[in-house]
Structure formats: C-alpha cells, structure tokens
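Visitor: Structure: model-v4.txt, compact mmCIF, C-alpha atoms.
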```txt
# COMPACT_ATOMS: atom_id res chain seq x y z
CA MET T 1 14.30 -9.40 -38.15
CA SER T 2 15.40 -7.47 -35.05
CA ALA T 3 14.39 -8.48 -31.54
CA ALA T 4 11.98 -5.56 -31.34
CA THR T 5 10.06 -6.74 -34.41
CA VAL T 6 9.46 -10.33 -33.28
CA ALA T 7 5.95 -11.24 -34.45
CA HIS T 8 3.41 -10.60 -31.71
CA THR T 9 -0.09 -9.24 -31.25
CA LEU T 10 -1.14 -7.04 -28.36
CA ILE T 11 -4.55 -7.84 -26.87
CA LYS T 12 -7.08 -5.30 -25.64
CA GLU T 13 -10.57 -6.63 -25.03
CA ASN T 14 -12.69 -4.64 -22.56
CA GLN T 15 -10.97 -5.23 -19.19
CA VAL T 16 -8.45 -7.70 -20.58
CA SER T 17 -5.01 -6.76 -21.85
CA GLY T 18 -2.31 -9.12 -23.03
CA ILE T 19 -0.11 -10.41 -25.80
CA ALA T 20 0.03 -13.34 -28.21
CA ILE T 21 3.57 -14.43 -29.14
CA GLN T 22 5.37 -17.62 -30.17
CA GLY T 23 2.31 -19.84 -29.53
CA TRP T 24 1.69 -18.24 -26.14
CA THR T 25 -1.19 -16.05 -25.00
CA VAL T 26 -0.86 -13.94 -21.85
CA ARG T 27 -3.98 -12.25 -20.47
CA SER T 28 -4.51 -9.95 -17.51
CA ASN T 29 -8.05 -9.10 -16.40
CA LYS T 30 -8.63 -6.07 -14.15
CA THR T 31 -12.01 -5.32 -12.64
CA SER T 32 -13.43 -3.69 -9.50
CA ILE T 33 -13.65 -5.36 -6.11
CA LEU T 34 -16.33 -7.98 -5.55
CA ASN T 35 -19.85 -6.73 -4.95
CA SER T 36 -21.78 -7.55 -1.76
CA GLN T 37 -23.39 -10.69 -3.18
CA GLU T 38 -20.05 -12.00 -4.44
CA ILE T 39 -18.43 -11.21 -1.08
CA ASP T 40 -21.15 -13.15 0.78
CA ALA T 41 -20.69 -16.13 -1.53
CA ALA T 42 -16.89 -16.05 -1.23
CA THR T 43 -17.04 -15.75 2.58
CA ALA T 44 -19.41 -18.70 2.81
CA ASP T 45 -17.27 -20.78 0.47
CA LEU T 46 -13.94 -20.00 2.16
CA GLY T 47 -15.23 -20.05 5.73
CA ILE T 48 -13.26 -16.95 6.78
CA PRO T 49 -13.78 -13.19 6.54
CA ILE T 50 -12.20 -12.12 3.28
CA PRO T 51 -9.69 -9.25 2.84
CA GLU T 52 -10.89 -5.65 2.75
CA MET T 53 -10.09 -5.32 -0.93
CA ILE T 54 -10.78 -8.54 -2.80
CA PHE T 55 -10.46 -8.48 -6.58
CA GLY T 56 -11.98 -11.89 -7.06
CA ASN T 57 -12.58 -11.48 -10.79
CA ASN T 58 -9.07 -10.30 -11.56
CA PHE T 59 -6.71 -12.85 -13.02
CA LEU T 60 -3.48 -13.39 -14.87
CA SER T 61 -3.29 -16.36 -17.22
CA VAL T 62 -0.64 -17.77 -19.52
CA GLU T 63 -1.55 -20.40 -22.09
CA HIS T 64 0.35 -22.30 -24.80
CA SER T 65 -1.04 -23.82 -27.97
CA SER T 66 0.10 -27.25 -26.74
CA GLY T 67 -2.50 -27.18 -23.94
CA PHE T 68 -0.39 -25.81 -21.10
CA LYS T 69 -2.28 -23.24 -19.00
CA LEU T 70 -1.50 -21.53 -15.72
CA GLU T 71 -3.80 -19.08 -13.95
CA PHE T 72 -3.50 -16.80 -10.92
CA LYS T 73 -6.62 -15.72 -9.00
CA ALA T 74 -7.48 -14.49 -5.51
CA LEU T 75 -10.01 -17.04 -4.26
CA PRO T 76 -7.85 -20.15 -4.84
CA ALA T 77 -5.05 -18.30 -3.03
CA LEU T 78 -7.29 -17.53 -0.04
CA ALA T 79 -8.44 -21.15 0.04
CA MET T 80 -4.89 -22.00 1.12
CA VAL T 81 -4.96 -19.73 4.19
CA ASP T 82 -4.40 -21.84 7.31
CA GLN T 83 -7.63 -22.52 9.21
CA SER T 84 -6.24 -25.10 11.64
CA SER T 85 -6.94 -24.76 15.36
CA LYS T 86 -3.49 -23.30 16.05
CA SER T 87 -3.21 -21.05 13.01
CA SER T 88 -4.21 -17.92 14.90
CA ASP T 89 -1.42 -18.47 17.42
CA LEU T 90 1.25 -17.83 14.80
CA ILE T 91 1.24 -14.02 15.13
CA LYS T 92 -0.15 -11.90 17.95
CA VAL T 93 -0.67 -8.14 17.97
CA SER T 94 -2.11 -5.83 20.58
CA TYR T 95 -5.19 -5.01 18.52
CA ALA T 96 -6.14 -8.54 17.51
CA ARG T 97 -9.34 -8.48 19.59
CA GLU T 98 -10.43 -5.17 18.07
CA TRP T 99 -9.70 -6.48 14.56
CA PHE T 100 -11.71 -9.62 15.14
CA ASP T 101 -14.67 -7.71 16.58
CA LYS T 102 -14.81 -5.58 13.45
CA ARG T 103 -14.38 -8.31 10.88
CA SER T 104 -15.80 -11.60 12.14
CA MET T 105 -19.32 -12.93 11.93
CA ALA T 106 -21.79 -12.04 14.65
CA ASN T 107 -22.11 -14.12 17.84
CA GLN T 108 -18.52 -15.42 17.70
CA GLU T 109 -17.58 -15.91 21.35
CA HIS T 110 -14.88 -18.57 21.71
CA ILE T 111 -11.75 -16.58 20.98
CA THR T 112 -8.40 -16.84 22.72
CA ASP T 113 -7.42 -13.39 24.00
CA GLU T 114 -5.31 -11.38 21.53
CA VAL T 115 -5.56 -13.91 18.68
CA LYS T 116 -7.91 -14.82 15.87
CA PRO T 117 -9.21 -18.33 15.15
CA TYR T 118 -7.54 -18.53 11.73
CA ASP T 119 -4.46 -17.03 10.11
CA TRP T 120 -5.67 -13.44 10.07
CA THR T 121 -2.56 -12.35 8.09
CA TYR T 122 -3.93 -14.22 5.04
CA THR T 123 -0.53 -15.86 4.51
CA THR T 124 -0.74 -18.14 1.48
CA LYS T 125 1.79 -20.21 -0.40
CA TYR T 126 -0.44 -20.35 -3.46
CA ASN T 127 1.69 -20.69 -6.58
CA GLY T 128 -0.90 -20.68 -9.32
CA THR T 129 -3.61 -22.99 -10.64
CA ASN T 130 -2.40 -25.42 -13.28
CA LEU T 131 -5.17 -26.03 -15.81
CA SER T 132 -2.99 -27.89 -18.31
CA SER T 133 -4.46 -30.69 -20.36
CA GLN T 134 -1.66 -33.26 -20.03
CA GLU T 135 0.12 -34.90 -17.10
CA GLN T 136 3.60 -33.94 -18.31
CA MET T 137 2.58 -30.30 -18.06
CA GLN T 138 2.30 -30.52 -14.27
CA PHE T 139 5.25 -29.09 -12.34
CA ARG T 140 7.77 -31.44 -10.74
CA PRO T 141 10.91 -30.68 -8.70
CA THR T 142 14.18 -30.42 -10.62
CA THR T 143 17.84 -29.84 -9.84
CA LYS T 144 18.86 -29.47 -13.47
CA GLU T 145 16.98 -26.36 -14.54
CA THR T 146 17.03 -22.79 -13.26
CA ILE T 147 15.80 -19.35 -14.27
CA ASP T 148 18.29 -17.67 -16.59
CA ILE T 149 19.07 -14.53 -14.59
CA ASP T 150 21.66 -13.32 -17.11
CA GLN T 151 19.07 -13.34 -19.88
CA LEU T 152 16.63 -11.36 -17.72
CA LYS T 153 19.30 -8.74 -17.08
CA ARG T 154 19.78 -8.08 -20.79
CA PRO T 155 18.38 -4.72 -21.98
CA ASP T 156 15.86 -6.37 -24.30
CA PRO T 157 12.73 -4.41 -25.24
CA ILE T 158 9.64 -5.18 -23.18
CA LEU T 159 6.79 -6.05 -25.52
CA PHE T 160 4.17 -6.34 -22.76
CA TYR T 161 4.15 -5.47 -19.06
CA ASP T 162 1.34 -5.59 -16.51
CA GLU T 163 0.72 -5.48 -12.77
CA ASN T 164 -2.42 -6.75 -11.08
CA ILE T 165 -3.71 -6.80 -7.48
CA LEU T 166 -5.58 -9.92 -6.37
CA PHE T 167 -6.26 -8.96 -2.76
CA GLU T 168 -5.12 -6.50 -0.12
CA ASP T 169 -5.84 -5.95 3.57
CA GLU T 170 -4.42 -3.43 6.05
CA LEU T 171 -4.91 -5.80 9.01
CA ALA T 172 -6.86 -3.18 10.98
CA ASP T 173 -3.99 -0.70 10.69
CA ASN T 174 -1.50 -3.28 11.98
CA GLY T 175 0.29 -3.61 8.64
CA THR T 176 -0.57 -4.97 5.23
CA ALA T 177 -1.12 -8.25 3.42
CA VAL T 178 -1.20 -8.07 -0.38
CA LEU T 179 -1.12 -10.57 -3.24
CA THR T 180 -0.04 -9.24 -6.63
CA THR T 181 1.05 -10.42 -10.05
CA LYS T 182 3.54 -8.90 -12.46
CA VAL T 183 4.37 -10.09 -15.95
CA ARG T 184 6.85 -8.92 -18.55
CA VAL T 185 7.23 -10.36 -22.01
CA MET T 186 10.40 -9.83 -24.04
CA PRO T 187 11.23 -11.04 -27.56
CA SER T 188 13.15 -14.02 -26.13
CA CYS T 189 11.23 -14.99 -22.98
CA PHE T 190 8.61 -14.11 -20.39
CA LEU T 191 8.70 -13.84 -16.61
CA ILE T 192 5.78 -13.85 -14.16
CA LEU T 193 6.06 -12.88 -10.50
CA LEU T 194 3.31 -13.79 -8.05
CA ARG T 195 4.11 -12.17 -4.70
CA PHE T 196 2.47 -12.39 -1.29
CA PHE T 197 3.84 -9.55 0.86
CA LEU T 198 3.12 -9.32 4.58
CA ARG T 199 4.08 -6.56 6.98
CA VAL T 200 2.93 -6.78 10.59
CA ASP T 201 4.07 -3.58 12.25
CA ASP T 202 6.62 -4.10 15.03
CA VAL T 203 6.45 -7.88 14.47
CA LEU T 204 7.67 -9.22 11.13
CA PHE T 205 7.94 -9.16 7.35
CA ARG T 206 7.17 -12.19 5.16
CA VAL T 207 7.43 -12.63 1.38
CA HIS T 208 6.31 -15.63 -0.66
CA ASP T 209 7.45 -15.35 -4.29
CA THR T 210 6.55 -17.54 -7.25
CA ARG T 211 8.38 -16.91 -10.52
CA ILE T 212 7.35 -18.49 -13.80
CA TYR T 213 9.94 -18.38 -16.59
CA HIS T 214 9.95 -19.60 -20.17
CA ARG T 215 12.47 -19.03 -22.92
CA PHE T 216 10.83 -19.12 -26.33
CA GLY T 217 11.95 -22.03 -28.46
CA THR T 218 12.35 -24.43 -25.53
CA ASN T 219 9.82 -27.00 -24.35
CA ILE T 220 10.00 -26.33 -20.61
CA VAL T 221 8.45 -23.89 -18.15
CA ILE T 222 10.32 -23.23 -14.92
CA ARG T 223 8.66 -22.37 -11.62
CA GLU T 224 10.71 -21.10 -8.70
CA CYS T 225 9.06 -20.65 -5.29
CA SER T 226 10.79 -18.99 -2.35
CA THR T 227 9.94 -17.81 1.16
CA ARG T 228 11.64 -14.96 3.01
CA GLU T 229 11.01 -13.78 6.55
CA ASN T 230 12.59 -11.52 9.13
CA SER T 231 11.65 -9.52 12.19
CA TYR T 232 10.35 -5.98 11.80
CA ARG T 233 13.10 -4.66 14.07
CA ASP T 234 15.96 -6.26 12.13
CA THR T 235 14.53 -5.14 8.80
CA ARG T 236 13.98 -1.59 10.00
CA ALA T 237 17.60 -1.51 11.19
CA ARG T 238 18.72 -2.02 7.59
CA ILE T 239 17.32 1.31 6.45
CA PRO T 240 20.29 3.52 5.46
CA ARG T 241 21.13 6.16 8.07
CA SER T 242 20.84 8.79 5.37
CA LYS T 243 17.07 8.14 5.40
CA GLY T 244 16.78 9.31 9.01
CA GLU T 245 13.27 8.62 10.31
CA ASP T 246 11.89 8.02 6.82
CA LEU T 247 10.30 4.55 6.93
CA SER T 248 8.92 4.55 3.39
CA LEU T 249 11.29 1.74 2.37
CA LEU T 250 9.32 -0.58 4.65
CA LEU T 251 6.36 -0.14 2.28
CA ASP T 252 8.44 -1.24 -0.73
CA SER T 253 8.15 -5.02 -1.17
CA ASN T 254 11.12 -5.06 -3.55
CA TRP T 255 13.40 -3.38 -1.02
CA VAL T 256 12.13 -5.50 1.86
CA SER T 257 12.56 -8.71 -0.13
CA SER T 258 16.16 -7.79 -0.91
CA GLN T 259 16.92 -7.29 2.78
CA ILE T 260 15.29 -10.24 4.53
CA ILE T 261 16.44 -13.82 4.95
CA GLU T 262 15.44 -16.59 2.57
CA GLN T 263 13.87 -19.47 4.51
CA GLY T 264 13.72 -21.89 1.61
CA SER T 265 13.18 -22.29 -2.12
CA GLN T 266 12.23 -24.91 -4.68
CA VAL T 267 12.61 -25.11 -8.44
CA GLU T 268 10.15 -27.10 -10.55
CA VAL T 269 9.76 -27.74 -14.25
CA ALA T 270 6.83 -28.56 -16.54
CA HIS T 271 7.17 -29.88 -20.09
CA LEU T 272 5.19 -28.74 -23.08
CA ALA T 273 3.87 -31.29 -25.57
```
Written as structure tokens, how would this file's structure read?
Guide:
Amino acid sequence: MSAATVAHTLIKENQVSGIAIQGWTVRSNKTSILNSQEIDAATADLGIPIPEMIFGNNFLSVEHSSGFKLEFKALPALAMVDQSSKSSDLIKVSYAREWFDKRSMANQEHITDEVKPYDWTYTTKYNGTNLSSQEQMQFRPTTKETIDIDQLKRPDPILFYDENILFEDELADNGTAVLTTKVRVMPSCFLILLRFFLRVDDVLFRVHDTRIYHRFGTNIVIRECSTRENSYRDTRARIPRSKGEDLSLLLDSNWVSSQIIEQGSQVEVAHLA
C-alpha cells in the first residue's frame, strides 16, 4: 500500500470538516461570528470587551481512540488575557483613549491616560484545552523528545488541511491581534499550529506559537510552545530593499515570525494509553 492510499476517511458534516485516520479523528468547525446574545454572555463571563470578530463556536479538535483529546477554542484563549492592575501599562499607543471610549462599557471613568485597564492587545499564551480522560495524557516538560522537522519537510501527500480563525481585532486601526489554527495530516503524521499574532503599528510584533505533533504508530504526542517578539522598527528594517515602500510583508505572520527574536520555548510530551 502506498503512502497516498493509507486508510482514512474524510469527514464532512454540516459546518464540520475533518479526517479519521490511524485511530485519530480531527475535526474543524467553522461558523459565523457570535450573535449579540452570545457576545453579551461572553463579555459578562470574561469581564472584558471581546474582539471585534469573535468566532466563539469555531473549534479545532483532535481525539484518539485511547481517550486523548485536545481542543482549541476562542473563549478559553481570551480567558487567559491579562486583567491584572498593571496589564494595560504593557503597551501604549497614541489612540488608546479613543479605542477605549469606543469599546468599553458605559460610565467607565477611572482610566490612566493613554492606556486601557486590561491587556487590550488580547495577548494570550493559550495552548489548547486538554480534555483527555487519563492523567498520563496530560502534557509534561521533556528534554528527550522533539518535533521531527525532517519528516515534516518530506514531500508526503497531504490528506487533510484546514485553517480556522478563532478571533481577530484591528485594535482600533492600531494594528491587529489574531488567533488562528492550522492543521495538516499526512500518511505518517499530523501537525497542528495554534498561532497568536500581534502587530501594534510603530511599536512591536509578538507571536505565540503552539505546535502539536504526532507520528502515527508511536504512543506520544509532542507539544512545542514558543514566544517571539521584536520592535516594529527593527522588523520593518528587515524588509528587502527590493520591496521599496511595500510593507505587505508586515501583514504576513509567517514572514514576521521568521524575522523576529525567539524569547523562549518549551517542549512537552503526553502519552497515549
């Protein structure tokens, strides 16, 4: 049997697409943004104004027959946005007051000038919700395992690929904050990328990446989390001179991620039954 004919079943059920392969089921659900009632409920639950485009019913999930299950959704990610008293001091922009006036609840008066009383960039280090049934399926740090980059570079056929947006906000025209998922399934393995991408114009770029990797036939799942950050000025200076005044590369999270400095990373592993 060739790699391309590895037994698998593609899934298409209403708004859900996915694949079943080697005891695994991958599902991606895509729907519209939350309605007004759902937005009110989410705002009350989270305690902060939510992003302009919130796809609260979208999700990506990966589940194994052993009971391992990992899920990626917007609201758990937003629940990790910093709401401490100093969180709004982390980044300042000239239009912060205008942004807050547009987006906050009425009668809010105690605001430090030029900042917001929470992390208005929606920065989150969310790395998925582990719904696994057994303790050994929780992720723990490891120094022995790593994602097999060489295998991922092989020109294997892609049996299933999907991209999904969980939330996005243009920060009142000061940049963008977006949380997305990507998944690709090959005959030998699968890879998931959860990415939080932040651009604050004239201030900084920030990328939080979570990669989930599994090679079929093994009993481990690897999770790699990394953080990258650099100033807007330094990143812009890396645009090739041949591009002239074309700044479109600054909208490309893949290009930006390849240019900015890694602040730290951690590799974890979970075991299947």
Visitor: Can you tell me how far atom CA of Glu262 of chain T sits from atom CA of Arg238 of chain T, in Å to one decimal?
Guide: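 These atoms are spaced 15.8 Å apart.
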Visitor: Taking (12.3, -11.0, -1.3) as a centre in this file's frame and 6 Å as the limit, can you find every polymer residue with an atom that close, using all atoms listed in the file, and give them as a PyMOL selection string?
Guide: chain T and resi 207+228+257-258
Visitor: Using all atoms listed in the file, which of T:Glu245, T:Thr146, T:Thr176, T:Phe197 sits nearest Ser265 of chain T?
Guide: T:Thr146
Visitor: Tell me, in Å to one decimal, how far atom CA of Phe68 of chain T is from atom CA of Trp24 of chain T.
Guide: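 Atom-to-atom, atom CA of Phe68 of chain T to atom CA of Trp24 of chain T, that is 9.3 Å.
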Visitor: Determine, counting all atoms listed in the file, which protein, DNA and RNA residues have an atom within 12 Å of an atom of Asp40 of chain T; residues of the same chain fewer than 4 positions away are not included. Present the result as a compact mmCIF listing (two decimals) with C-alpha atoms, in the frame of the given file.
Guide:
```txt
# COMPACT_ATOMS: atom_id res chain seq x y z
CA LEU T 34 -16.33 -7.98 -5.55
CA ASN T 35 -19.85 -6.73 -4.95
CA SER T 36 -21.78 -7.55 -1.76
CA ALA T 44 -19.41 -18.70 2.81
CA ASP T 45 -17.27 -20.78 0.47
CA LEU T 46 -13.94 -20.00 2.16
CA GLY T 47 -15.23 -20.05 5.73
CA ILE T 48 -13.26 -16.95 6.78
CA PRO T 49 -13.78 -13.19 6.54
CA ILE T 50 -12.20 -12.12 3.28
CA ILE T 54 -10.78 -8.54 -2.80
CA MET T 105 -19.32 -12.93 11.93
```
Visitor: Counting only C-alpha atoms, which residue out of T:Ala74, T:Leu159, T:Val267, T:Ile39 sits closest to Arg195 of chain T?
Guide: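 Looking at the shortest contact to Arg195 of chain T, the residue is T:Ala74.
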Visitor: Pick out the residues sitting within 12 Å of Glu63 of chain T, and hand them over as a PyMOL selection string; count all atoms listed in the file, and ignore anything fewer than 5 positions along from it in its own chain.
Guide: chain T and resi 18-28+68-72+129-133+137+214+221+272
Visitor: List the neighbours of Gly128 of chain T out to 12 Å using only C-alpha atoms; skip same-chain residues closer than 4 positions along the sequence, and give me the result as an MDAnalysis selection string.
Guide: chainID T and resid 59:62 69:78 80 124 132 138:139 179:181 192:195 209:212 223:225
Visitor: When distances are computed from only C-alpha atoms, which of T:Asp252, T:Glu168, T:Glu13, T:Asp246 shows the smallest separation from Tyr122 of chain T?
Guide: T:Glu168
Visitor: Kindly give the distance, in Å, that separates atom CA of Ser17 of chain T and atom CA of Pro155 of chain T, rounded to a single decimal.
Guide: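 So the answer is 23.5 Å.
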Visitor: Kindly compute an axis-aligned box around the listed atoms of segment 26-43 of chain T, allowing 3 Å on each side, and express its centre and edge lengths in Å to one decimal as lines of an AutoDock Vina configuration file.
Guide:
```
center_x = -12.1
center_y = -9.9
center_z = -9.6
size_x = 28.5
size_y = 18.4
size_z = 30.4
```
Visitor: Which residues, written as an MDAnalysis selection string, have at least one atom at most 6 Å from Gly175 of chain T, with all atoms listed in the file counted and residues fewer than 5 positions away on the same chain left out?
Guide: chainID T and resid 170 199:201
Visitor: Which residue gives the smallest distance to Asp162 of chain T among T:Leu251, T:Ala42, T:Val16, T:Ile260, with only C-alpha atoms counted?
Guide: T:Val16
Visitor: Taking all atoms listed in the file into account, name the residue in T:Gln259, T:Thr43, T:Gln37, T:Thr227 that is nearest to Thr123 of chain T.
Guide: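 Once distances to Thr123 of chain T are computed over all atoms listed in the file, the minimum belongs to T:Thr227.
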Visitor: Using only C-alpha atoms, pick whichever of T:Phe190, T:Tyr126, T:Trp120, T:Trp255 has the shortest atom-to-atom distance to Pro157 of chain T.
Guide: T:Phe190
Visitor: Find the residues around Asn58 of chain T up to 7 Å (only C-alpha atoms counted), leave out those fewer than 4 positions away in its own chain, and share them as a list in words.
Guide: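 The contact residues come out as Asn29, Lys30, Thr31, Lys73 and Leu166 of chain T.
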Visitor: Please, can segment 238-261 of chain T be completed to N, CA, C and O atoms and returned as a PDB file, keeping the file's coordinate frame?
Guide:
```pdb
ATOM      1  N   ARG T 238      17.978  -2.030   8.844  1.00  0.00           N
ATOM      2  CA  ARG T 238      18.720  -2.020   7.590  1.00  0.00           C
ATOM      3  C   ARG T 238      18.477  -0.771   6.747  1.00  0.00           C
ATOM      4  O   ARG T 238      19.111  -0.585   5.711  1.00  0.00           O
ATOM      5  N   ILE T 239      17.550   0.060   7.168  1.00  0.00           N
ATOM      6  CA  ILE T 239      17.320   1.310   6.450  1.00  0.00           C
ATOM      7  C   ILE T 239      18.568   2.179   6.540  1.00  0.00           C
ATOM      8  O   ILE T 239      19.118   2.369   7.628  1.00  0.00           O
ATOM      9  N   PRO T 240      19.080   2.686   5.434  1.00  0.00           N
ATOM     10  CA  PRO T 240      20.290   3.520   5.460  1.00  0.00           C
ATOM     11  C   PRO T 240      20.131   4.707   6.406  1.00  0.00           C
ATOM     12  O   PRO T 240      19.051   5.313   6.495  1.00  0.00           O
ATOM     13  N   ARG T 241      21.189   5.046   7.125  1.00  0.00           N
ATOM     14  CA  ARG T 241      21.130   6.160   8.070  1.00  0.00           C
ATOM     15  C   ARG T 241      20.777   7.470   7.380  1.00  0.00           C
ATOM     16  O   ARG T 241      20.191   8.368   7.992  1.00  0.00           O
ATOM     17  N   SER T 242      21.131   7.558   6.118  1.00  0.00           N
ATOM     18  CA  SER T 242      20.840   8.790   5.370  1.00  0.00           C
ATOM     19  C   SER T 242      19.337   9.046   5.266  1.00  0.00           C
ATOM     20  O   SER T 242      18.904  10.171   4.995  1.00  0.00           O
ATOM     21  N   LYS T 243      18.528   7.997   5.474  1.00  0.00           N
ATOM     22  CA  LYS T 243      17.070   8.140   5.400  1.00  0.00           C
ATOM     23  C   LYS T 243      16.487   8.739   6.685  1.00  0.00           C
ATOM     24  O   LYS T 243      15.315   9.131   6.712  1.00  0.00           O
ATOM     25  N   GLY T 244      17.281   8.764   7.750  1.00  0.00           N
ATOM     26  CA  GLY T 244      16.780   9.310   9.010  1.00  0.00           C
ATOM     27  C   GLY T 244      15.582   8.534   9.519  1.00  0.00           C
ATOM     28  O   GLY T 244      15.629   7.312   9.645  1.00  0.00           O
ATOM     29  N   GLU T 245      14.501   9.249   9.803  1.00  0.00           N
ATOM     30  CA  GLU T 245      13.270   8.620  10.310  1.00  0.00           C
ATOM     31  C   GLU T 245      12.287   8.269   9.193  1.00  0.00           C
ATOM     32  O   GLU T 245      11.137   7.912   9.450  1.00  0.00           O
ATOM     33  N   ASP T 246      12.735   8.361   7.964  1.00  0.00           N
ATOM     34  CA  ASP T 246      11.890   8.020   6.820  1.00  0.00           C
ATOM     35  C   ASP T 246      11.756   6.504   6.717  1.00  0.00           C
ATOM     36  O   ASP T 246      12.724   5.790   6.437  1.00  0.00           O
ATOM     37  N   LEU T 247      10.541   5.993   6.934  1.00  0.00           N
ATOM     38  CA  LEU T 247      10.300   4.550   6.930  1.00  0.00           C
ATOM     39  C   LEU T 247       9.632   4.065   5.642  1.00  0.00           C
ATOM     40  O   LEU T 247       9.131   2.945   5.584  1.00  0.00           O
ATOM     41  N   SER T 248       9.633   4.902   4.626  1.00  0.00           N
ATOM     42  CA  SER T 248       8.920   4.550   3.390  1.00  0.00           C
ATOM     43  C   SER T 248       9.458   3.280   2.741  1.00  0.00           C
ATOM     44  O   SER T 248       8.711   2.577   2.046  1.00  0.00           O
ATOM     45  N   LEU T 249      10.731   2.962   2.959  1.00  0.00           N
ATOM     46  CA  LEU T 249      11.290   1.740   2.370  1.00  0.00           C
ATOM     47  C   LEU T 249      10.574   0.494   2.890  1.00  0.00           C
ATOM     48  O   LEU T 249      10.522  -0.524   2.202  1.00  0.00           O
ATOM     49  N   LEU T 250      10.012   0.574   4.075  1.00  0.00           N
ATOM     50  CA  LEU T 250       9.320  -0.580   4.650  1.00  0.00           C
ATOM     51  C   LEU T 250       7.995  -0.864   3.937  1.00  0.00           C
ATOM     52  O   LEU T 250       7.380  -1.914   4.157  1.00  0.00           O
ATOM     53  N   LEU T 251       7.566   0.055   3.082  1.00  0.00           N
ATOM     54  CA  LEU T 251       6.360  -0.140   2.280  1.00  0.00           C
ATOM     55  C   LEU T 251       6.684  -0.712   0.906  1.00  0.00           C
ATOM     56  O   LEU T 251       5.779  -1.071   0.147  1.00  0.00           O
ATOM     57  N   ASP T 252       7.971  -0.794   0.590  1.00  0.00           N
ATOM     58  CA  ASP T 252       8.440  -1.240  -0.730  1.00  0.00           C
ATOM     59  C   ASP T 252       8.774  -2.725  -0.663  1.00  0.00           C
ATOM     60  O   ASP T 252       9.795  -3.118  -0.089  1.00  0.00           O
ATOM     61  N   SER T 253       7.931  -3.566  -1.253  1.00  0.00           N
ATOM     62  CA  SER T 253       8.150  -5.020  -1.170  1.00  0.00           C
ATOM     63  C   SER T 253       9.447  -5.433  -1.851  1.00  0.00           C
ATOM     64  O   SER T 253      10.070  -6.421  -1.440  1.00  0.00           O
ATOM     65  N   ASN T 254       9.861  -4.716  -2.882  1.00  0.00           N
ATOM     66  CA  ASN T 254      11.120  -5.060  -3.550  1.00  0.00           C
ATOM     67  C   ASN T 254      12.312  -4.817  -2.625  1.00  0.00           C
ATOM     68  O   ASN T 254      13.225  -5.649  -2.527  1.00  0.00           O
ATOM     69  N   TRP T 255      12.298  -3.669  -1.947  1.00  0.00           N
ATOM     70  CA  TRP T 255      13.400  -3.380  -1.020  1.00  0.00           C
ATOM     71  C   TRP T 255      13.392  -4.362   0.148  1.00  0.00           C
ATOM     72  O   TRP T 255      14.430  -4.919   0.511  1.00  0.00           O
ATOM     73  N   VAL T 256      12.227  -4.593   0.725  1.00  0.00           N
ATOM     74  CA  VAL T 256      12.130  -5.500   1.860  1.00  0.00           C
ATOM     75  C   VAL T 256      12.611  -6.900   1.471  1.00  0.00           C
ATOM     76  O   VAL T 256      13.395  -7.529   2.190  1.00  0.00           O
ATOM     77  N   SER T 257      12.167  -7.388   0.315  1.00  0.00           N
ATOM     78  CA  SER T 257      12.560  -8.710  -0.130  1.00  0.00           C
ATOM     79  C   SER T 257      14.067  -8.839  -0.294  1.00  0.00           C
ATOM     80  O   SER T 257      14.648  -9.893  -0.014  1.00  0.00           O
ATOM     81  N   SER T 258      14.707  -7.759  -0.718  1.00  0.00           N
ATOM     82  CA  SER T 258      16.160  -7.790  -0.910  1.00  0.00           C
ATOM     83  C   SER T 258      16.922  -7.770   0.400  1.00  0.00           C
ATOM     84  O   SER T 258      18.115  -8.082   0.426  1.00  0.00           O
ATOM     85  N   GLN T 259      16.239  -7.439   1.500  1.00  0.00           N
ATOM     86  CA  GLN T 259      16.920  -7.290   2.780  1.00  0.00           C
ATOM     87  C   GLN T 259      16.686  -8.457   3.746  1.00  0.00           C
ATOM     88  O   GLN T 259      17.451  -8.636   4.693  1.00  0.00           O
ATOM     89  N   ILE T 260      15.635  -9.233   3.534  1.00  0.00           N
ATOM     90  CA  ILE T 260      15.290 -10.240   4.530  1.00  0.00           C
ATOM     91  C   ILE T 260      15.770 -11.629   4.118  1.00  0.00           C
ATOM     92  O   ILE T 260      16.125 -11.880   2.973  1.00  0.00           O
ATOM     93  N   ILE T 261      15.787 -12.523   5.075  1.00  0.00           N
ATOM     94  CA  ILE T 261      16.440 -13.820   4.950  1.00  0.00           C
ATOM     95  C   ILE T 261      15.562 -14.819   4.205  1.00  0.00           C
ATOM     96  O   ILE T 261      14.369 -14.955   4.486  1.00  0.00           O
TER      97      ILE T 261
END
```
